[in-house]
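K.L.:
Pasting start.txt here (compact mmCIF, C-alpha atoms and all ligand atoms):
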```
# COMPACT_ATOMS: atom_id res chain seq x y z
CA MET A 4 87.49 20.97 -78.77
CA PHE A 5 84.63 22.14 -80.94
CA ASN A 6 83.31 25.54 -79.93
CA TRP A 7 79.55 25.37 -80.38
CA PHE A 8 79.22 29.08 -79.90
CA ARG A 9 81.39 29.60 -82.94
CA ARG A 10 79.96 26.97 -85.20
CA GLN A 11 79.11 29.59 -87.80
CA ASP A 12 82.58 31.07 -87.98
CA ASN A 13 84.67 30.50 -91.06
CA LYS A 14 81.61 29.73 -93.05
CA LYS A 15 81.32 31.94 -96.04
CA GLN A 16 77.87 33.38 -95.56
CA GLU A 17 78.83 35.06 -92.35
CA ASP A 18 80.71 37.60 -94.43
CA SER A 19 78.22 37.88 -97.21
CA ALA A 20 75.01 36.11 -97.94
CA PRO A 21 75.19 33.82 -100.96
CA LYS A 22 74.18 35.66 -104.08
CA THR A 23 70.78 35.00 -105.54
CA GLU A 24 72.30 33.12 -108.44
CA GLU A 25 74.40 31.03 -106.08
CA ARG A 26 71.39 30.18 -104.08
CA ALA A 27 69.46 29.23 -107.19
CA GLU A 28 72.21 27.11 -108.66
CA THR A 29 71.18 23.56 -109.07
CA ALA A 30 72.87 20.44 -107.83
CA GLU A 31 74.28 19.74 -111.28
CA THR A 32 76.18 22.99 -111.59
CA LYS A 33 77.56 23.33 -108.10
CA VAL A 34 78.13 20.61 -105.58
CA ASP A 35 77.26 17.00 -106.02
CA TYR A 36 75.08 16.96 -102.93
CA THR A 37 74.39 13.26 -103.09
CA ASN A 38 78.06 12.51 -103.04
CA TRP A 39 78.68 15.06 -100.32
CA ALA A 40 75.93 13.53 -98.19
CA LYS A 41 77.24 10.01 -98.69
CA THR A 42 80.76 11.02 -97.71
CA ALA A 43 79.48 12.91 -94.68
CA ARG A 44 77.44 9.92 -93.58
CA GLU A 45 80.36 7.54 -93.95
CA ASN A 46 82.53 9.87 -91.90
CA ILE A 47 79.94 10.12 -89.17
CA GLN A 48 79.62 6.35 -89.06
CA ASP A 49 83.38 5.94 -88.86
CA LYS A 50 83.58 8.39 -85.99
CA GLN A 51 80.81 6.62 -84.14
CA ASN A 52 82.06 3.13 -84.89
CA ASP A 53 78.77 2.55 -86.60
CA ARG A 54 76.83 2.61 -83.40
CA GLU A 55 73.06 2.40 -83.25
CA GLY A 56 71.02 5.32 -84.42
CA SER A 57 73.40 6.32 -87.15
CA GLN A 58 72.19 8.67 -89.83
CA GLU A 59 70.02 7.52 -92.71
CA LEU A 60 70.35 9.07 -96.12
CA ASP A 61 66.80 10.30 -95.99
CA GLU A 62 65.17 13.54 -97.06
CA GLU A 63 66.10 15.30 -93.83
CA PHE A 64 69.72 14.23 -94.06
CA MET A 65 69.89 15.35 -97.68
CA TRP A 66 68.46 18.74 -96.81
CA SER A 67 70.89 19.18 -93.91
CA ALA A 68 73.77 18.11 -96.12
CA LYS A 69 72.84 20.66 -98.75
CA VAL A 70 72.66 23.48 -96.21
CA LEU A 71 76.07 22.56 -94.81
CA ALA A 72 77.65 22.07 -98.22
CA ASP A 73 76.34 25.42 -99.43
CA ARG A 74 77.88 27.06 -96.39
CA GLY A 75 81.26 25.73 -97.34
CA THR A 76 81.45 22.92 -94.80
CA LYS A 77 83.48 19.90 -95.83
CA PRO A 78 81.85 16.49 -95.48
CA GLU A 79 84.77 15.39 -93.29
CA GLU A 80 84.01 18.13 -90.74
CA VAL A 81 80.40 17.27 -90.14
CA SER A 82 79.26 15.71 -86.89
CA SER A 83 76.14 13.75 -86.19
CA GLU A 84 75.07 16.41 -83.71
CA GLU A 85 75.23 19.11 -86.32
CA ILE A 86 73.01 17.10 -88.65
CA ASP A 87 70.62 16.35 -85.80
CA TRP A 88 70.33 20.03 -85.02
CA LEU A 89 69.53 20.97 -88.61
CA LYS A 90 66.91 18.25 -88.75
CA LYS A 91 65.33 19.64 -85.61
CA LEU A 92 65.38 23.14 -86.99
CA ARG A 93 63.74 22.02 -90.21
CA ARG A 94 61.14 20.00 -88.35
CA GLY A 95 60.56 22.91 -85.98
CA LEU A 96 59.80 25.23 -88.83
CA GLY A 97 57.71 22.57 -90.55
CA LYS A 98 54.34 24.01 -89.59
CA THR A 99 55.26 27.50 -90.68
CA ARG A 100 56.88 26.25 -93.86
CA ARG A 101 54.02 24.05 -94.96
CA ASN A 102 51.60 26.95 -94.71
CA LEU A 103 53.93 29.17 -96.63
CA ILE A 104 55.95 27.43 -99.21
CA ASN A 105 53.73 25.79 -101.77
CA GLN A 106 51.52 28.77 -102.21
CA LEU A 107 54.49 31.07 -102.23
CA LYS A 108 56.14 29.07 -104.96
CA ALA A 109 53.03 29.09 -107.07
CA THR A 110 52.72 32.85 -106.74
CA VAL A 111 56.30 34.04 -106.99
CA GLY A 112 56.94 31.76 -109.92
CA LYS A 113 54.44 33.50 -112.13
CA GLY A 114 56.80 36.28 -113.14
CA PRO A 115 56.29 40.03 -112.61
CA LEU A 116 54.08 40.37 -109.60
CA ASP A 117 50.65 41.78 -110.33
CA SER A 118 48.57 43.22 -107.56
CA ASP A 119 46.75 39.95 -106.94
CA ALA A 120 50.02 38.12 -106.48
CA VAL A 121 51.31 40.79 -104.14
CA MET A 122 48.22 40.46 -102.00
CA GLU A 123 48.63 36.70 -101.89
CA ILE A 124 52.23 36.90 -100.76
CA GLU A 125 51.36 39.57 -98.25
CA ALA A 126 48.65 37.38 -96.77
CA LEU A 127 50.98 34.38 -96.58
CA LEU A 128 53.72 36.30 -94.81
CA LEU A 129 51.30 37.85 -92.36
CA GLN A 130 49.89 34.42 -91.64
CA ALA A 131 53.38 33.23 -90.74
CA ASP A 132 53.58 36.18 -88.31
CA VAL A 133 56.23 38.05 -90.23
CA GLY A 134 54.47 41.25 -89.18
CA ILE A 135 53.20 44.18 -91.23
CA GLU A 136 56.40 46.23 -91.44
CA ALA A 137 58.69 43.37 -92.39
CA THR A 138 56.12 42.04 -94.85
CA GLU A 139 55.92 45.40 -96.57
CA GLN A 140 59.65 45.55 -96.79
CA VAL A 141 59.75 42.11 -98.40
CA ILE A 142 57.02 42.91 -100.89
CA GLU A 143 58.53 46.21 -101.95
CA THR A 144 61.99 44.78 -102.49
CA LEU A 145 60.61 41.80 -104.35
CA GLN A 146 58.42 43.94 -106.55
CA GLU A 147 61.24 46.24 -107.46
CA LYS A 148 63.41 43.35 -108.53
CA LEU A 149 60.72 41.60 -110.53
CA ARG A 150 59.82 44.83 -112.29
CA SER A 151 63.33 45.20 -113.64
CA GLU A 152 63.83 41.59 -114.65
CA ALA A 153 61.57 38.58 -114.96
CA LEU A 154 63.03 35.83 -112.82
CA PRO A 155 62.33 32.15 -113.27
CA PRO A 156 60.56 30.65 -110.23
CA ASP A 157 63.73 29.16 -108.70
CA GLU A 158 65.54 32.44 -108.85
CA ALA A 159 62.56 34.38 -107.58
CA ILE A 160 62.42 32.13 -104.53
CA ALA A 161 66.17 32.41 -104.08
CA TYR A 162 65.86 36.17 -104.25
CA LEU A 163 63.09 36.10 -101.68
CA LYS A 164 65.42 34.16 -99.39
CA THR A 165 68.11 36.81 -99.67
CA ILE A 166 65.57 39.48 -98.74
CA LEU A 167 64.50 37.56 -95.66
CA GLN A 168 68.07 36.91 -94.64
CA ALA A 169 68.94 40.57 -95.04
CA ILE A 170 66.11 41.52 -92.67
CA LEU A 171 67.33 39.02 -90.08
CA ASP A 172 70.92 40.25 -90.41
CA GLU A 173 70.12 43.95 -90.31
CA PRO A 174 70.45 44.32 -86.50
CA LEU A 175 73.94 42.80 -86.70
CA LYS A 176 75.20 45.89 -88.48
CA LYS A 177 75.11 47.76 -85.21
CA VAL A 178 76.97 45.24 -83.09
CA SER A 179 80.69 44.78 -82.84
CA SER A 180 80.84 41.13 -83.80
CA PRO A 181 78.45 39.01 -85.84
CA GLY A 182 79.16 35.95 -83.70
CA PHE A 183 78.14 35.47 -80.12
CA ALA A 184 80.68 33.44 -78.19
CA PRO A 185 81.89 34.03 -74.65
CA GLU A 186 85.39 35.48 -74.50
CA LYS A 187 87.92 33.01 -73.14
CA GLU A 188 89.70 33.81 -69.90
CA THR A 189 87.33 36.66 -69.17
CA LEU A 190 84.22 36.81 -67.06
CA ASN A 191 81.22 36.88 -69.38
CA ILE A 192 77.88 37.47 -67.71
CA TRP A 193 74.73 36.60 -69.61
CA LEU A 194 71.50 37.77 -68.08
CA LEU A 195 68.41 35.87 -69.24
CA THR A 196 65.19 37.83 -68.98
CA GLY A 197 61.61 37.43 -70.18
CA VAL A 198 58.11 36.71 -69.00
CA ASN A 199 57.07 33.60 -67.12
CA GLY A 200 57.10 30.45 -69.21
CA ALA A 201 59.13 31.91 -72.06
CA GLY A 202 61.87 29.37 -71.50
CA LYS A 203 64.53 31.25 -69.50
CA THR A 204 65.42 28.48 -67.09
CA THR A 205 65.47 25.87 -69.84
CA THR A 206 67.68 28.14 -71.91
CA VAL A 207 70.08 28.61 -68.99
CA GLY A 208 70.33 24.82 -68.72
CA LYS A 209 70.95 24.37 -72.43
CA LEU A 210 73.51 27.18 -72.53
CA ALA A 211 75.40 25.68 -69.59
CA HIS A 212 75.54 22.44 -71.53
CA LEU A 213 76.82 24.17 -74.67
CA ALA A 214 79.41 25.98 -72.56
CA GLN A 215 80.61 22.76 -71.00
CA LYS A 216 80.81 20.99 -74.36
CA SER A 217 82.73 23.93 -75.78
CA GLY A 218 85.33 24.04 -73.04
CA TYR A 219 84.20 27.03 -71.01
CA THR A 220 83.94 27.05 -67.25
CA CYS A 221 80.39 27.98 -66.32
CA THR A 222 78.42 28.97 -63.23
CA ILE A 223 74.70 29.59 -62.88
CA ALA A 224 73.13 32.21 -60.66
CA ALA A 225 69.64 31.11 -59.62
CA ALA A 226 68.24 34.60 -59.37
CA ASP A 227 64.60 33.70 -59.85
CA THR A 228 63.84 33.81 -56.16
CA PHE A 229 60.19 34.62 -56.73
CA ARG A 230 58.95 31.19 -57.71
CA ALA A 231 59.52 28.49 -55.11
CA ALA A 232 60.33 25.73 -57.58
CA ALA A 233 62.61 27.83 -59.74
CA VAL A 234 65.84 27.06 -57.90
CA GLU A 235 65.18 23.32 -57.95
CA GLN A 236 64.44 23.48 -61.66
CA VAL A 237 67.70 25.26 -62.36
CA LYS A 238 69.63 22.78 -60.21
CA THR A 239 68.21 19.83 -62.11
CA TRP A 240 69.39 21.35 -65.38
CA ALA A 241 72.79 22.21 -63.92
CA GLU A 242 73.37 18.65 -62.69
CA ARG A 243 73.09 17.39 -66.23
CA SER A 244 76.05 19.47 -67.31
CA ASN A 245 77.92 19.40 -64.03
CA THR A 246 77.57 23.12 -63.56
CA GLN A 247 77.80 24.88 -60.22
CA VAL A 248 74.69 26.75 -59.10
CA ILE A 249 74.77 29.69 -56.74
CA ALA A 250 71.46 30.06 -54.94
CA ASN A 251 70.17 31.44 -51.70
CA PRO A 252 68.13 28.87 -49.81
CA GLY A 253 66.02 31.44 -47.99
CA LYS A 254 62.49 32.24 -49.08
CA ASN A 255 61.84 35.37 -51.17
CA THR A 256 65.44 36.41 -50.97
CA ASP A 257 66.89 39.28 -52.92
CA PRO A 258 67.84 38.21 -56.46
CA ALA A 259 70.48 40.92 -56.65
CA ALA A 260 72.15 39.40 -53.59
CA VAL A 261 72.28 36.03 -55.34
CA VAL A 262 73.93 37.69 -58.32
CA TYR A 263 76.37 39.38 -55.96
CA ASP A 264 77.35 36.02 -54.45
CA ALA A 265 77.51 34.41 -57.87
CA ILE A 266 79.96 37.01 -59.14
CA ALA A 267 82.18 36.42 -56.11
CA ALA A 268 82.05 32.66 -56.73
CA ALA A 269 82.68 33.14 -60.44
CA ASN A 270 85.72 35.30 -59.76
CA ALA A 271 87.07 32.84 -57.19
CA ARG A 272 86.94 29.90 -59.57
CA LYS A 273 87.76 31.89 -62.69
CA THR A 274 84.47 31.14 -64.35
CA GLU A 275 84.28 32.27 -67.93
CA LEU A 276 80.52 32.24 -68.33
CA LEU A 277 78.10 33.22 -65.59
CA LEU A 278 74.49 32.58 -66.59
CA VAL A 279 71.88 34.48 -64.61
CA ASP A 280 68.38 33.07 -64.47
CA THR A 281 65.80 35.69 -63.52
CA ALA A 282 62.16 35.85 -62.49
CA GLY A 283 59.53 36.52 -65.14
CA ARG A 284 56.93 37.78 -62.78
CA LEU A 285 56.83 39.84 -59.66
CA GLN A 286 53.92 41.65 -58.04
CA ASN A 287 53.79 43.89 -61.06
CA LYS A 288 55.70 45.00 -64.11
CA LYS A 289 57.20 47.97 -62.35
CA ASN A 290 58.71 45.78 -59.64
CA LEU A 291 60.07 43.38 -62.21
CA MET A 292 61.79 46.12 -64.14
CA ALA A 293 63.14 47.66 -60.94
CA GLU A 294 64.52 44.25 -60.00
CA LEU A 295 66.27 43.80 -63.33
CA ASP A 296 67.68 47.25 -63.00
CA LYS A 297 69.05 46.44 -59.57
CA ILE A 298 70.68 43.23 -60.84
CA ARG A 299 72.22 45.18 -63.64
CA ARG A 300 73.65 47.75 -61.26
CA ILE A 301 75.13 45.05 -59.03
CA ILE A 302 76.83 43.54 -62.07
CA ASP A 303 78.21 46.87 -63.22
CA LYS A 304 79.53 47.58 -59.76
CA LYS A 305 80.83 44.18 -58.75
CA ALA A 306 82.10 43.06 -62.15
CA PRO A 307 82.98 46.25 -64.03
CA ASN A 308 85.29 44.43 -66.42
CA ALA A 309 82.94 41.60 -67.26
CA LYS A 310 81.52 41.25 -70.72
CA VAL A 311 77.82 41.57 -70.04
CA GLU A 312 75.05 40.49 -72.38
CA SER A 313 71.38 40.79 -71.70
CA LEU A 314 69.25 38.31 -73.60
CA LEU A 315 65.49 38.44 -73.83
CA VAL A 316 63.87 35.02 -74.10
CA LEU A 317 60.80 35.02 -76.34
CA ASP A 318 58.32 32.21 -76.92
CA ALA A 319 57.84 31.79 -80.68
CA THR A 320 54.39 30.28 -80.26
CA LEU A 321 53.15 33.69 -79.11
CA GLY A 322 54.04 35.22 -82.46
CA GLN A 323 53.34 38.92 -82.67
CA ASN A 324 51.97 38.97 -79.14
CA GLY A 325 55.44 38.45 -77.77
CA LEU A 326 56.65 41.66 -79.34
CA SER A 327 54.82 44.05 -77.08
CA GLN A 328 56.33 42.31 -74.02
CA ALA A 329 59.68 42.61 -75.66
CA LYS A 330 59.40 46.35 -75.99
CA VAL A 331 58.90 46.71 -72.25
CA PHE A 332 62.04 44.71 -71.53
CA LYS A 333 64.06 46.40 -74.20
CA ASP A 334 64.18 49.66 -72.31
CA ALA A 335 64.52 48.29 -68.80
CA ALA A 336 67.00 45.48 -69.32
CA LYS A 337 69.40 47.08 -71.82
CA LEU A 338 68.90 44.12 -74.12
CA SER A 339 71.61 43.04 -76.46
CA GLY A 340 69.92 40.11 -78.13
CA ILE A 341 67.05 37.66 -78.35
CA VAL A 342 66.68 33.96 -77.64
CA LEU A 343 63.74 32.59 -79.61
CA THR A 344 62.34 29.43 -78.02
CA LYS A 345 59.71 26.81 -78.86
CA LEU A 346 60.16 26.99 -82.57
CA ASP A 347 59.24 23.33 -82.60
CA GLY A 348 55.68 23.97 -81.56
CA SER A 349 55.03 27.09 -83.55
CA ALA A 350 53.30 27.85 -86.82
CA LYS A 351 54.49 31.40 -86.33
CA GLY A 352 58.17 31.00 -87.08
CA GLY A 353 58.01 34.08 -89.27
CA VAL A 354 58.00 36.10 -86.07
CA ALA A 355 61.80 35.99 -86.19
CA LEU A 356 61.59 38.53 -89.01
CA ALA A 357 59.23 40.77 -87.09
CA ILE A 358 61.61 40.63 -84.12
CA ALA A 359 64.63 41.61 -86.16
CA GLN A 360 62.74 44.35 -87.90
CA GLN A 361 60.80 45.87 -85.05
CA LEU A 362 63.04 45.35 -82.05
CA ASP A 363 66.22 45.90 -84.01
CA LEU A 364 67.92 43.24 -81.92
CA PRO A 365 69.83 40.26 -83.29
CA ILE A 366 68.48 36.80 -82.56
CA ARG A 367 71.38 34.98 -80.89
CA PHE A 368 70.01 31.53 -80.07
CA ILE A 369 67.03 29.45 -81.05
CA GLY A 370 65.38 26.66 -79.13
CA ALA A 371 63.61 23.88 -80.98
CA GLY A 372 62.69 21.39 -78.29
CA GLU A 373 62.78 20.62 -74.59
CA GLY A 374 65.94 18.52 -74.65
CA ILE A 375 69.36 19.69 -73.50
CA ASP A 376 70.70 19.69 -77.06
CA ASP A 377 67.77 21.58 -78.50
CA LEU A 378 69.32 25.03 -78.51
CA ARG A 379 71.95 26.42 -80.85
CA PRO A 380 73.33 29.76 -81.98
CA PHE A 381 71.08 31.36 -84.53
CA SER A 382 72.07 31.35 -88.17
CA SER A 383 69.94 33.48 -90.46
CA TYR A 384 71.07 31.36 -93.39
CA GLU A 385 69.93 28.07 -91.87
CA PHE A 386 66.76 29.65 -90.61
CA VAL A 387 65.72 30.96 -94.01
CA GLU A 388 66.64 27.68 -95.70
CA ALA A 389 64.48 25.81 -93.21
CA LEU A 390 61.64 28.31 -93.58
CA ILE A 391 61.57 28.32 -97.35
CA GLU A 392 62.95 25.11 -98.57
CA GLY A 393 63.72 24.53 -102.20
N1 LIG A 401 58.77 22.62 -77.08
C1 LIG A 401 59.62 23.44 -76.46
N2 LIG A 401 59.42 23.72 -75.16
C2 LIG A 401 60.28 24.55 -74.56
C3 LIG A 401 61.38 25.13 -75.21
N3 LIG A 401 62.03 25.92 -74.34
C4 LIG A 401 61.37 25.81 -73.16
N4 LIG A 401 60.29 24.98 -73.28
C5 LIG A 401 59.31 24.62 -72.26
O1 LIG A 401 58.62 25.77 -71.81
C6 LIG A 401 58.24 25.62 -70.44
C7 LIG A 401 58.68 26.84 -69.64
O2 LIG A 401 60.10 26.86 -69.62
P1 LIG A 401 60.92 27.56 -68.45
O3 LIG A 401 62.35 27.45 -68.84
O4 LIG A 401 60.54 27.03 -67.13
O5 LIG A 401 60.43 29.06 -68.61
P2 LIG A 401 60.76 30.33 -67.68
O6 LIG A 401 59.56 30.57 -66.85
O7 LIG A 401 60.98 31.46 -68.63
O8 LIG A 401 61.98 30.02 -66.88
C8 LIG A 401 58.87 24.33 -69.98
O9 LIG A 401 57.88 23.33 -69.98
C9 LIG A 401 59.93 24.04 -71.03
O10 LIG A 401 60.16 22.66 -71.18
C10 LIG A 401 61.56 24.82 -76.60
O11 LIG A 401 62.48 25.29 -77.29
N5 LIG A 401 60.66 23.96 -77.17
MG MG A 402 62.30 30.05 -64.87
```
Written as structure tokens, how would this file's structure read?
P.N.:
Amino acid sequence: MFNWFRRQDNKKQEDSAPKTEERAETAETKVDYTNWAKTARENIQDKQNDREGSQELDEEFMWSAKVLADRGTKPEEVSSEEIDWLKKLRRGLGKTRRNLINQLKATVGKGPLDSDAVMEIEALLLQADVGIEATEQVIETLQEKLRSEALPPDEAIAYLKTILQAILDEPLKKVSSPGFAPEKETLNIWLLTGVNGAGKTTTVGKLAHLAQKSGYTCTIAAADTFRAAAVEQVKTWAERSNTQVIANPGKNTDPAAVVYDAIAAANARKTELLLVDTAGRLQNKKNLMAELDKIRRIIDKKAPNAKVESLLVLDATLGQNGLSQAKVFKDAAKLSGIVLTKLDGSAKGGVALAIAQQLDLPIRFIGAGEGIDDLRPFSSYEFVEALIEG
């Protein structure tokens, strides 16, 4: 069974980002992408018995094929779902990319950056919501490189990509494993936090689906007891992936009590992944943080051996504005990672860089649509390729 949480494993860039030269290598010198894409498409069609909606060899397919080929994937290993996801990612970053890429290419390709060019790039990155600090870091690194050697446009862009990827990967240096998969035969508890409307409940639903597809047993704790409709919403998602939901039917019940019950249920049925949906709003911020703290204490007490992760869900369309919220949660919820949602509707996709740089937390999942399949583990490589194509 394919483990979707580990889809990045065994791919070469997880160990080291492709070198600038590798990234700049053209189709002629490296892989025959056209051939790769054709083989991949034939394989997908064989697997699906050529059913309706099979992949076309269009621009999106070619781009996805190139990304996968460059990561060391074999055309025989590729599934239609994987291609669909990359297409979604690329489409999701379309708005951000279109604002960024053409102008960036024109500027970076001119050779050693003069002060006008630097200002142009700075403005472009800020417009994409990369944030001041991360933008400065990019500019400085780029300038340093271009001062020591004049790069042709392709290589300059490729170098820029490695800088961006390095910023996204920086927070991973502090964590024990670069991947983010639940541990088999162990209770993993993932707490989803964030403000109202960020996409927590949707993310819980999508994660339950990924867990089911990847062969994990999963339970959901409906611990948003503040909003009346929240439990129903979570149940609707859970039905789609056949996941058990633990909820308390009473009104305004204690979320920590729901988590308590959910841990008992999870232990009884040997659940591997317990997803905890939480409220994004209470009477005030202080109450909300106190509530999260209480949930956390219940988990530590009732499931001391569980592998606990606390994920903050952030809405990408908010861009920089989401960051200040994030800082509040970071202290209270002992965050271990970020889920970035709504990339599909955002022209501010660059905010991923600001998040990595300012919050110093790895992005673990990204959402690029409202459908159940529209969430996948984050790959800095794919993200940067989709952000700055070419
Ligand atoms: N376009 C898009 N919409 C999303 C995504 N994730 C969540 N949403 C939508 O955002 C709204 C709020 O989501 P919800 O999960 O209820 O947020 P919560 O309040 O944090 O639980 C819903 O209408 C979702 O369909 C995404 O990745 N893309
Ligand atoms: Mg919710």
K.L.:
Please provide as a ChimeraX atom specification all residues within 6 Å of range 298-311 of chain A, with the sequence filter that same-chain residues fewer than 2 positions apart are discarded (counting all atoms listed in the file).
P.N.:
/A:190-193,259,295-296
K.L.:
Give the residue list for ligand LIG 401 (chain A) at 10 Å, counting all atoms listed in the file, as an MDAnalysis selection string, sorted by chain and then by residue number.
P.N.:
chainID A and resid 95 195:209 227 230 232:233 236:237 240 280:284 315:320 342:349 369:378
K.L.:
For Ser244 in chain A, list every protein, DNA or RNA residue within 10 Å, evaluated using all atoms listed in the file, and leave out those in the same chain fewer than 3 positions away; present the list as an NGL selection string.
P.N.:
:A and (208-216 or 221 or 239-241 or 247 or 375)
K.L.:
Please identify all polymer residues lying at most 8 Å from the point (79.3, 34.6, -60.0) (file coordinates), using only C-alpha atoms, and present the result as an MDAnalysis selection string.
P.N.:
chainID A and resid 222:224 249 262:270 274 277
K.L.:
May I ask for the distance between CA of Pro181 in chain A and CA of Phe386 in chain A, given in Å to one decimal place?
P.N.:
15.7 Å
K.L.:
Find the residue from A:Arg367, A:Arg93, A:Arg272, A:Lys289 that sits nearest to Pro174 in chain A; use all atoms listed in the file when measuring.
P.N.:
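Between A:Arg367, A:Arg93, A:Arg272, A:Lys289, the residue approaching Pro174 in chain A most closely is A:Arg367.
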K.L.:
Looking at only C-alpha atoms, which of A:Gln48, A:Gln360, A:Ser151, A:Thr76 is the one that sits closest to Gln11 in chain A?
P.N.:
A:Thr76
K.L.:
Given the choices A:Ala225, A:Met122, A:Val34, A:Met4, which gets closest to ligand MG 402 (chain A) if the distance is worked out from only C-alpha atoms and all ligand atoms?
P.N.:
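Of the candidates, the smallest distance to ligand MG 402 (chain A) is held by A:Ala225.
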K.L.:
Find the residue from A:Ala231, A:Leu314, A:Leu291, A:Ala336 that sits nearest to ligand MG 402 (chain A); use all atoms listed in the file when measuring.
P.N.:
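Closest candidate: A:Ala231.
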K.L.:
Between A:Gln130, A:Thr228, A:Ser327, A:Thr189, which residue has the minimum interatomic distance to ligand MG 402 (chain A), considering only C-alpha atoms and all ligand atoms?
P.N.:
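With only C-alpha atoms and all ligand atoms as the atom set, the closest residue is A:Thr228.
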K.L.:
Would you mind reading off the distance between CA of Ala68 in chain A and CA of Asn6 in chain A, one decimal, in Å?
P.N.:
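Straight-line distance from CA of Ala68 in chain A to CA of Asn6 in chain A works out to 20.2 Å.
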K.L.:
Go through A:Ala350, A:Val279, A:Ala359, A:Leu390 and flag the residue nearest ligand MG 402 (chain A), using all atoms listed in the file for the distances.
P.N.:
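Checking each candidate against ligand MG 402 (chain A), we get A:Val279 as the closest.
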K.L.:
Determine, counting all atoms listed in the file, which protein, DNA and RNA residues have an atom within 6 Å of an atom of Val133 in chain A; residues of the same chain fewer than 2 positions away are not included. Present the result as a PyMOL selection string.
P.N.:
chain A and resi 128-129+131+353-354+356-357
K.L.:
Between CA of Arg101 in chain A and CA of Lys351 in chain A, what distance in Å does the model show, to one decimal?
P.N.:
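Rounded to one decimal, the two atoms are 11.3 Å apart.
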K.L.:
Residues at most 12 Å from Glu388 in chain A, counting all atoms listed in the file, excluding those fewer than 2 positions away in the same chain, as a PyMOL selection string?
P.N.:
chain A and resi 21+26-27+66-71+73-74+89-90+92-94+96-97+100+104+160-161+163-165+167-168+382-386+390-393
K.L.:
Complete range 39-51 of chain A with N, CA and C atoms (output as a PDB file, keeping the file's coordinate frame).
P.N.:
```pdb
ATOM      1  N   TRP A  39      78.312  14.373-101.552  1.00  0.00           N
ATOM      2  CA  TRP A  39      78.680  15.060-100.320  1.00  0.00           C
ATOM      3  C   TRP A  39      78.014  14.369 -99.123  1.00  0.00           C
ATOM      4  N   ALA A  40      76.703  14.125 -99.280  1.00  0.00           N
ATOM      5  CA  ALA A  40      75.930  13.530 -98.190  1.00  0.00           C
ATOM      6  C   ALA A  40      76.444  12.119 -97.860  1.00  0.00           C
ATOM      7  N   LYS A  41      76.745  11.370 -98.914  1.00  0.00           N
ATOM      8  CA  LYS A  41      77.240  10.010 -98.690  1.00  0.00           C
ATOM      9  C   LYS A  41      78.567  10.022 -97.932  1.00  0.00           C
ATOM     10  N   THR A  42      79.457  10.917 -98.376  1.00  0.00           N
ATOM     11  CA  THR A  42      80.760  11.020 -97.710  1.00  0.00           C
ATOM     12  C   THR A  42      80.589  11.443 -96.253  1.00  0.00           C
ATOM     13  N   ALA A  43      79.729  12.428 -96.044  1.00  0.00           N
ATOM     14  CA  ALA A  43      79.480  12.910 -94.680  1.00  0.00           C
ATOM     15  C   ALA A  43      78.960  11.772 -93.811  1.00  0.00           C
ATOM     16  N   ARG A  44      78.042  11.010 -94.357  1.00  0.00           N
ATOM     17  CA  ARG A  44      77.440   9.920 -93.580  1.00  0.00           C
ATOM     18  C   ARG A  44      78.476   8.856 -93.234  1.00  0.00           C
ATOM     19  N   GLU A  45      79.308   8.529 -94.217  1.00  0.00           N
ATOM     20  CA  GLU A  45      80.360   7.540 -93.950  1.00  0.00           C
ATOM     21  C   GLU A  45      81.297   8.019 -92.846  1.00  0.00           C
ATOM     22  N   ASN A  46      81.649   9.319 -92.916  1.00  0.00           N
ATOM     23  CA  ASN A  46      82.530   9.870 -91.900  1.00  0.00           C
ATOM     24  C   ASN A  46      81.908   9.818 -90.508  1.00  0.00           C
ATOM     25  N   ILE A  47      80.633  10.143 -90.464  1.00  0.00           N
ATOM     26  CA  ILE A  47      79.940  10.120 -89.170  1.00  0.00           C
ATOM     27  C   ILE A  47      79.927   8.685 -88.630  1.00  0.00           C
ATOM     28  N   GLN A  48      79.661   7.745 -89.505  1.00  0.00           N
ATOM     29  CA  GLN A  48      79.620   6.350 -89.060  1.00  0.00           C
ATOM     30  C   GLN A  48      80.994   5.863 -88.588  1.00  0.00           C
ATOM     31  N   ASP A  49      82.026   6.301 -89.291  1.00  0.00           N
ATOM     32  CA  ASP A  49      83.380   5.940 -88.860  1.00  0.00           C
ATOM     33  C   ASP A  49      83.669   6.468 -87.464  1.00  0.00           C
ATOM     34  N   LYS A  50      83.317   7.747 -87.283  1.00  0.00           N
ATOM     35  CA  LYS A  50      83.580   8.390 -85.990  1.00  0.00           C
ATOM     36  C   LYS A  50      82.831   7.690 -84.866  1.00  0.00           C
ATOM     37  N   GLN A  51      81.641   7.215 -85.189  1.00  0.00           N
ATOM     38  CA  GLN A  51      80.810   6.620 -84.140  1.00  0.00           C
ATOM     39  C   GLN A  51      80.991   5.110 -84.056  1.00  0.00           C
TER      40      GLN A  51
END
```
